[in-house]
$ cat final.txt   # compact mmCIF, C-alpha atoms
# COMPACT_ATOMS: atom_id res chain seq x y z
CA MET S 12 30.84 -29.84 -21.51
CA LYS S 13 31.36 -26.19 -22.41
CA ASN S 14 30.87 -23.68 -19.60
CA PRO S 15 27.77 -21.52 -20.34
CA LEU S 16 29.70 -18.53 -18.96
CA ASP S 17 31.99 -18.72 -22.01
CA SER S 18 29.02 -17.37 -23.98
CA LEU S 19 28.19 -13.70 -23.45
CA GLY S 20 24.58 -14.28 -24.52
CA LYS S 21 24.12 -17.12 -22.01
CA THR S 22 25.76 -15.00 -19.30
CA VAL S 23 23.22 -12.20 -19.84
CA ALA S 24 20.35 -14.73 -20.09
CA LEU S 25 21.45 -16.21 -16.73
CA GLY S 26 21.37 -12.70 -15.29
CA PHE S 27 17.74 -12.22 -16.35
CA ALA S 28 16.81 -15.71 -15.11
CA LEU S 29 18.36 -14.95 -11.72
CA THR S 30 16.42 -11.66 -11.67
CA VAL S 31 13.15 -13.62 -11.94
CA VAL S 32 14.21 -15.68 -8.90
CA VAL S 33 15.14 -12.52 -6.95
CA VAL S 34 11.80 -10.86 -7.82
CA ALA S 35 9.96 -13.97 -6.57
CA LEU S 36 11.93 -13.79 -3.31
CA ILE S 37 11.18 -10.06 -2.94
CA HIS S 38 7.47 -10.85 -3.32
CA ALA S 39 7.64 -13.82 -0.92
CA ILE S 40 9.70 -12.16 1.85
CA GLY S 41 8.49 -8.60 1.33
CA ALA S 42 4.82 -9.68 1.26
CA VAL S 43 4.01 -7.64 -1.85
CA MET A 21 15.02 18.80 3.20
CA GLY A 22 17.65 21.35 4.19
CA TYR A 23 21.29 21.24 3.19
CA GLY A 24 23.23 19.46 5.95
CA SER A 25 20.22 17.46 7.19
CA ILE A 26 20.38 13.64 7.49
CA GLU A 27 18.23 13.39 4.34
CA TRP A 28 20.64 15.65 2.47
CA TRP A 29 23.66 13.58 3.52
CA ALA A 30 21.78 10.41 2.51
CA PHE A 31 21.19 12.02 -0.89
CA PHE A 32 24.86 13.11 -1.08
CA PHE A 33 26.17 9.60 -0.42
CA ARG A 34 23.60 8.11 -2.84
CA TRP A 35 24.98 10.49 -5.49
CA ILE A 36 28.53 9.24 -4.76
CA HIS A 37 27.17 5.66 -4.73
CA ILE A 38 25.58 6.05 -8.19
CA MET A 39 28.68 7.67 -9.73
CA SER A 40 31.11 5.08 -8.35
CA GLY A 41 28.64 2.30 -9.23
CA ILE A 42 28.48 3.48 -12.84
CA MET A 43 32.28 3.50 -12.99
CA TRP A 44 32.46 -0.02 -11.47
CA ILE A 45 29.74 -1.74 -13.52
CA GLY A 46 30.78 0.26 -16.60
CA HIS A 47 34.25 -1.27 -16.36
CA LEU A 48 32.80 -4.73 -15.61
CA TRP A 49 30.64 -4.56 -18.72
CA TYR A 50 33.55 -3.13 -20.76
CA PHE A 51 35.63 -6.18 -19.77
CA ASN A 52 32.81 -8.61 -20.65
CA PHE A 53 31.03 -6.96 -23.60
CA THR A 54 34.00 -5.31 -25.32
CA GLN A 55 37.46 -6.42 -24.21
CA ALA A 56 37.06 -10.20 -23.73
CA PRO A 57 35.40 -10.83 -27.14
CA THR A 58 37.77 -8.45 -28.98
CA VAL A 59 41.25 -9.28 -27.61
CA PRO A 60 41.41 -12.73 -29.32
CA LYS A 61 40.85 -10.95 -32.67
CA ILE A 62 43.76 -8.52 -32.13
CA PRO A 63 47.06 -9.51 -33.84
CA LEU A 64 49.53 -10.89 -31.24
CA GLU A 65 52.05 -8.07 -31.73
CA LEU A 66 49.38 -5.47 -30.91
CA ARG A 67 47.92 -7.16 -27.80
CA PRO A 68 50.43 -5.64 -25.36
CA GLY A 69 48.69 -2.33 -26.09
CA VAL A 70 45.71 -3.74 -24.22
CA THR A 71 47.41 -5.95 -21.62
CA LYS A 72 50.26 -3.60 -20.72
CA PHE A 73 48.50 -0.24 -20.95
CA ILE A 74 44.67 -0.34 -20.98
CA LEU A 75 44.07 -3.34 -18.68
CA PRO A 76 46.15 -2.18 -15.65
CA GLU A 77 44.51 1.27 -15.77
CA ALA A 78 41.02 -0.21 -16.20
CA LEU A 79 41.60 -2.63 -13.30
CA PHE A 80 42.70 0.26 -11.08
CA TRP A 81 39.46 2.22 -11.58
CA PHE A 82 37.44 -1.04 -11.54
CA ARG A 83 38.54 -2.23 -8.10
CA TRP A 84 38.64 1.14 -6.34
CA SER A 85 35.24 2.19 -7.71
CA ALA A 86 33.89 -1.18 -6.45
CA LEU A 87 35.13 -0.32 -2.95
CA ALA A 88 33.77 3.24 -3.17
CA THR A 89 30.38 1.88 -4.28
CA ILE A 90 30.17 -0.49 -1.29
CA VAL A 91 31.27 2.13 1.27
CA SER A 92 28.98 4.89 -0.06
CA GLY A 93 26.07 2.43 -0.30
CA LEU A 94 26.51 1.27 3.29
CA VAL A 95 26.71 4.89 4.51
CA THR A 96 23.53 5.76 2.55
CA ALA A 97 21.63 2.79 3.98
CA GLY A 98 22.91 3.62 7.49
CA LEU A 99 21.79 7.25 7.26
CA LEU A 100 18.34 6.11 6.10
CA GLY A 101 18.10 3.61 8.99
CA GLU A 102 17.81 0.72 6.54
CA LEU A 103 21.17 -0.97 7.04
CA LEU A 104 20.34 -3.64 9.62
CA PRO A 105 16.86 -4.54 8.23
CA ALA A 106 18.42 -4.78 4.74
CA LEU A 107 21.25 -7.04 5.96
CA ILE A 108 18.60 -9.63 6.93
CA VAL A 109 16.83 -8.95 3.57
CA GLY A 110 13.81 -7.53 5.39
CA ILE A 111 12.80 -10.82 7.01
CA GLY A 112 9.94 -10.02 9.40
CA GLU A 113 9.62 -6.46 8.09
CA LYS A 114 6.96 -7.24 5.45
CA SER A 115 8.51 -4.48 3.33
CA ALA A 116 9.37 -5.26 -0.28
CA HIS A 117 11.41 -2.04 -0.33
CA VAL A 118 13.76 -3.24 2.42
CA THR A 119 13.88 -6.78 0.95
CA ALA A 120 14.80 -5.40 -2.49
CA ILE A 121 17.56 -3.17 -1.14
CA GLY A 122 18.76 -6.06 1.03
CA PHE A 123 19.12 -8.42 -1.92
CA GLY A 124 20.81 -5.62 -3.89
CA MET A 125 23.28 -5.05 -1.04
CA TRP A 126 24.13 -8.74 -0.74
CA LEU A 127 24.51 -9.22 -4.50
CA GLY A 128 26.74 -6.12 -4.69
CA SER A 129 28.77 -7.29 -1.69
CA VAL A 130 29.41 -10.72 -3.25
CA MET A 131 30.46 -8.94 -6.47
CA ALA A 132 32.86 -6.60 -4.62
CA PHE A 133 34.31 -9.58 -2.73
CA ASN A 134 34.91 -11.30 -6.08
CA VAL A 135 36.63 -8.17 -7.42
CA TRP A 136 39.04 -7.74 -4.51
CA PHE A 137 39.67 -11.35 -3.44
CA VAL A 138 39.36 -13.37 -6.66
CA ILE A 139 39.60 -11.25 -9.84
CA TRP A 140 42.31 -8.79 -8.74
CA PRO A 141 44.68 -11.38 -7.13
CA ASN A 142 44.41 -13.52 -10.29
CA GLN A 143 44.85 -10.56 -12.62
CA LYS A 144 48.03 -9.63 -10.73
CA LYS A 145 49.45 -13.01 -11.81
CA VAL A 146 48.32 -12.42 -15.43
CA LEU A 147 49.87 -8.94 -15.47
CA GLY A 148 53.13 -10.21 -13.95
CA LEU A 149 52.77 -8.11 -10.79
CA VAL A 150 53.29 -11.29 -8.75
CA ALA A 151 55.51 -14.20 -9.78
CA ALA A 152 53.74 -17.01 -11.67
CA ASP A 153 54.79 -19.53 -14.32
CA ASP A 154 52.95 -19.81 -17.64
CA ASP A 155 50.58 -22.55 -16.41
CA ALA A 156 49.69 -20.56 -13.30
CA LYS A 157 49.13 -17.45 -15.43
CA LYS A 158 46.80 -19.35 -17.77
CA LYS A 159 44.85 -20.80 -14.84
CA ALA A 160 44.67 -17.36 -13.14
CA GLY A 161 43.38 -15.77 -16.35
CA ARG A 162 40.65 -18.40 -16.64
CA THR A 163 39.59 -17.94 -12.99
CA ALA A 164 39.51 -14.14 -13.34
CA PHE A 165 37.45 -14.47 -16.55
CA LEU A 166 34.87 -16.83 -15.00
CA PHE A 167 34.41 -14.67 -11.89
CA SER A 168 34.08 -11.60 -14.08
CA ARG A 169 31.31 -13.48 -15.94
CA ILE A 170 29.69 -14.45 -12.61
CA ASN A 171 29.72 -10.77 -11.62
CA THR A 172 28.07 -9.89 -14.94
CA VAL A 173 25.30 -12.42 -14.18
CA LEU A 174 24.87 -10.97 -10.66
CA SER A 175 24.89 -7.37 -11.95
CA VAL A 176 21.51 -7.87 -13.69
CA PRO A 177 19.44 -8.70 -10.56
CA MET A 178 21.62 -6.38 -8.43
CA LEU A 179 20.70 -3.41 -10.66
CA TYR A 180 17.04 -4.52 -10.67
CA CYS A 181 17.09 -4.34 -6.85
CA MET A 182 18.82 -0.95 -6.81
CA ALA A 183 16.59 0.61 -9.47
CA SER A 184 13.31 -0.82 -8.15
CA ILE A 185 13.38 0.49 -4.58
CA HIS A 186 11.19 3.47 -5.46
CA PHE A 187 8.68 1.11 -7.08
CA TYR A 188 8.31 -1.22 -4.06
$ encode --input "final.txt" --output "structure tokens"
Amino acid sequence: MKNPLDSLGKTVALGFALTVVVVALIHAIGAV
Amino acid sequence: MGYGSIEWWAFFFRWIHIMSGIMWIGHLWYFNFTQAPTVPKIPLELRPGVTKFILPEALFWFRWSALATIVSGLVTAGLLGELLPALIVGIGEKSAHVTAIGFGMWLGSVMAFNVWFVIWPNQKKVLGLVAADDDAKKKAGRTAFLFSRINTVLSVPMLYCMASIHFY
């Protein structure tokens, strides 16, 4: 199976997906 | 806010932090968005122009600006009294601001660790600065590439955290 990190587009998409997770954690821990 | 006050020094180190951070992430994105996709298209006889001249210089500014970013960021957070709460990502603080800066700090710290302890040692093998046979060089190049990609992934939420602290 090809590593998704070989694709620049998938790398950037993973970055945005991880951002969504981080925002959810900021809301959960930071009690927004 | 007077010149020389704690707030001024916090601003001063944030200024250093932003400049060195731009240099660091600018080089990271140059490696991933420009160099990595382009080098395979360069004729073999011209590639040493990149690998022997541009890459060593770029890696120098890349790794030292990463260190400068971490140090100036830690000093800024310390001066603002946010260092320890941010290290525990604001757990118990009920402050999205501290949680955001905490996640940004940890993401940036993992990235800087990758630069100094994974990417740079492997690039030294690729560049021939430490002894390695062809197989080891190929493997080192692949490892450095993948961790550079991981840092590009991490840079997106890290910059969200850094840029959003005035929103939270």
$ closest_residue --input "final.txt" --among "A:Ala120, A:Leu147, A:Ile139, A:Ala164" --to "S:Leu36" --atoms "only C-alpha atoms"
A:Ala120
$ residues_around --input "final.txt" --residues "S:Leu16" --least-positions-apart "3" --cutoff "8 Å" --atoms "all atoms listed in the file" --output "list in words"
Leu19, Lys21 and Thr22 of chain S; Leu166, Arg169 and Ile170 of chain A
$ write_last_selection --input "final.txt" --atoms "C-alpha atoms" --output "compact mmCIF listing (two decimals), in the coordinates of the input"
# COMPACT_ATOMS: atom_id res chain seq x y z
CA LEU S 19 28.19 -13.70 -23.45
CA LYS S 21 24.12 -17.12 -22.01
CA THR S 22 25.76 -15.00 -19.30
CA LEU A 166 34.87 -16.83 -15.00
CA ARG A 169 31.31 -13.48 -15.94
CA ILE A 170 29.69 -14.45 -12.61
$ closest_atom_pairs --input "final.txt" --of "chain A" --to "chain S" --cutoff "10 Å" --atoms "all atoms listed in the file" --output "JSON lines"
{"residue": "A:Asn52", "atom": "CA", "partner": "S:Leu19", "partner_atom": "CA", "distance": 7.4}
{"residue": "A:Phe53", "atom": "CA", "partner": "S:Leu19", "partner_atom": "CA", "distance": 7.3}
{"residue": "A:Ala56", "atom": "CA", "partner": "S:Leu19", "partner_atom": "CA", "distance": 9.5}
{"residue": "A:Pro57", "atom": "CA", "partner": "S:Leu19", "partner_atom": "CA", "distance": 8.6}
{"residue": "A:Val109", "atom": "CA", "partner": "S:Ile40", "partner_atom": "CA", "distance": 8.0}
{"residue": "A:Gly110", "atom": "CA", "partner": "S:Gly41", "partner_atom": "CA", "distance": 6.8}
{"residue": "A:Ile111", "atom": "CA", "partner": "S:Ile40", "partner_atom": "CA", "distance": 6.2}
{"residue": "A:Gly112", "atom": "CA", "partner": "S:Ile40", "partner_atom": "CA", "distance": 7.9}
{"residue": "A:Glu113", "atom": "CA", "partner": "S:Gly41", "partner_atom": "CA", "distance": 7.2}
{"residue": "A:Lys114", "atom": "CA", "partner": "S:Gly41", "partner_atom": "CA", "distance": 4.6}
{"residue": "A:Ser115", "atom": "CA", "partner": "S:Gly41", "partner_atom": "CA", "distance": 4.6}
{"residue": "A:Ala116", "atom": "CA", "partner": "S:Gly41", "partner_atom": "CA", "distance": 3.8}
{"residue": "A:His117", "atom": "CA", "partner": "S:Gly41", "partner_atom": "CA", "distance": 7.4}
{"residue": "A:Val118", "atom": "CA", "partner": "S:Gly41", "partner_atom": "CA", "distance": 7.6}
{"residue": "A:Thr119", "atom": "CA", "partner": "S:Gly41", "partner_atom": "CA", "distance": 5.7}
{"residue": "A:Ala120", "atom": "CA", "partner": "S:Ile37", "partner_atom": "CA", "distance": 5.9}
{"residue": "A:Ile121", "atom": "CA", "partner": "S:Ile37", "partner_atom": "CA", "distance": 9.6}
{"residue": "A:Gly122", "atom": "CA", "partner": "S:Ile37", "partner_atom": "CA", "distance": 9.4}
{"residue": "A:Phe123", "atom": "CA", "partner": "S:Val33", "partner_atom": "CA", "distance": 7.6}
{"residue": "A:Gly124", "atom": "CA", "partner": "S:Val33", "partner_atom": "CA", "distance": 9.4}
{"residue": "A:Phe165", "atom": "CA", "partner": "S:Asp17", "partner_atom": "CA", "distance": 8.8}
{"residue": "A:Leu166", "atom": "CA", "partner": "S:Leu16", "partner_atom": "CA", "distance": 6.7}
{"residue": "A:Phe167", "atom": "CA", "partner": "S:Leu16", "partner_atom": "CA", "distance": 9.3}
{"residue": "A:Ser168", "atom": "CA", "partner": "S:Leu16", "partner_atom": "CA", "distance": 9.5}
{"residue": "A:Arg169", "atom": "CA", "partner": "S:Leu16", "partner_atom": "CA", "distance": 6.1}
{"residue": "A:Ile170", "atom": "CA", "partner": "S:Leu16", "partner_atom": "CA", "distance": 7.5}
{"residue": "A:Asn171", "atom": "CA", "partner": "S:Gly26", "partner_atom": "CA", "distance": 9.3}
{"residue": "A:Thr172", "atom": "CA", "partner": "S:Thr22", "partner_atom": "CA", "distance": 7.1}
{"residue": "A:Val173", "atom": "CA", "partner": "S:Gly26", "partner_atom": "CA", "distance": 4.1}
{"residue": "A:Leu174", "atom": "CA", "partner": "S:Gly26", "partner_atom": "CA", "distance": 6.1}
{"residue": "A:Ser175", "atom": "CA", "partner": "S:Gly26", "partner_atom": "CA", "distance": 7.2}
{"residue": "A:Val176", "atom": "CA", "partner": "S:Gly26", "partner_atom": "CA", "distance": 5.1}
{"residue": "A:Pro177", "atom": "CA", "partner": "S:Thr30", "partner_atom": "CA", "distance": 4.4}
{"residue": "A:Met178", "atom": "CA", "partner": "S:Thr30", "partner_atom": "CA", "distance": 8.1}
{"residue": "A:Leu179", "atom": "CA", "partner": "S:Thr30", "partner_atom": "CA", "distance": 9.3}
{"residue": "A:Tyr180", "atom": "CA", "partner": "S:Thr30", "partner_atom": "CA", "distance": 7.2}
{"residue": "A:Cys181", "atom": "CA", "partner": "S:Val33", "partner_atom": "CA", "distance": 8.4}
{"residue": "A:Tyr188", "atom": "CA", "partner": "S:Val43", "partner_atom": "CA", "distance": 8.0}
$ residues_around --input "final.txt" --residues "stretch 43-45 of chain A" --least-positions-apart "6" --cutoff "7 Å" --atoms "all atoms listed in the file" --output "PyMOL selection string"
chain A and resi 82+85-86
$ atom_distance --input "final.txt" --atom1 "atom CA of A:Leu94" --atom2 "atom CA of A:Glu27"
14.7 Å
$ closest_residue --input "final.txt" --among "A:Glu102, A:Ala97, A:Ser92, A:Arg83" --to "A:Pro141" --atoms "all atoms listed in the file"
A:Arg83
$ atom_distance --input "final.txt" --atom1 "atom CA of A:Gly46" --atom2 "atom CA of A:Trp29"
25.2 Å
$ closest_residue --input "final.txt" --among "A:Tyr23, A:Lys145, A:Gln55, A:Ile185" --to "A:Ala106" --atoms "only C-alpha atoms"
A:Ile185
$ atom_distance --input "final.txt" --atom1 "atom CA of A:Trp84" --atom2 "atom CA of A:Trp136"
9.1 Å
$ residues_around --input "final.txt" --residues "A:Phe137" --least-positions-apart "6" --cutoff "12 Å" --atoms "only C-alpha atoms" --output "ChimeraX atom specification"
/A:83,87,129-131,143-144,163-164,167
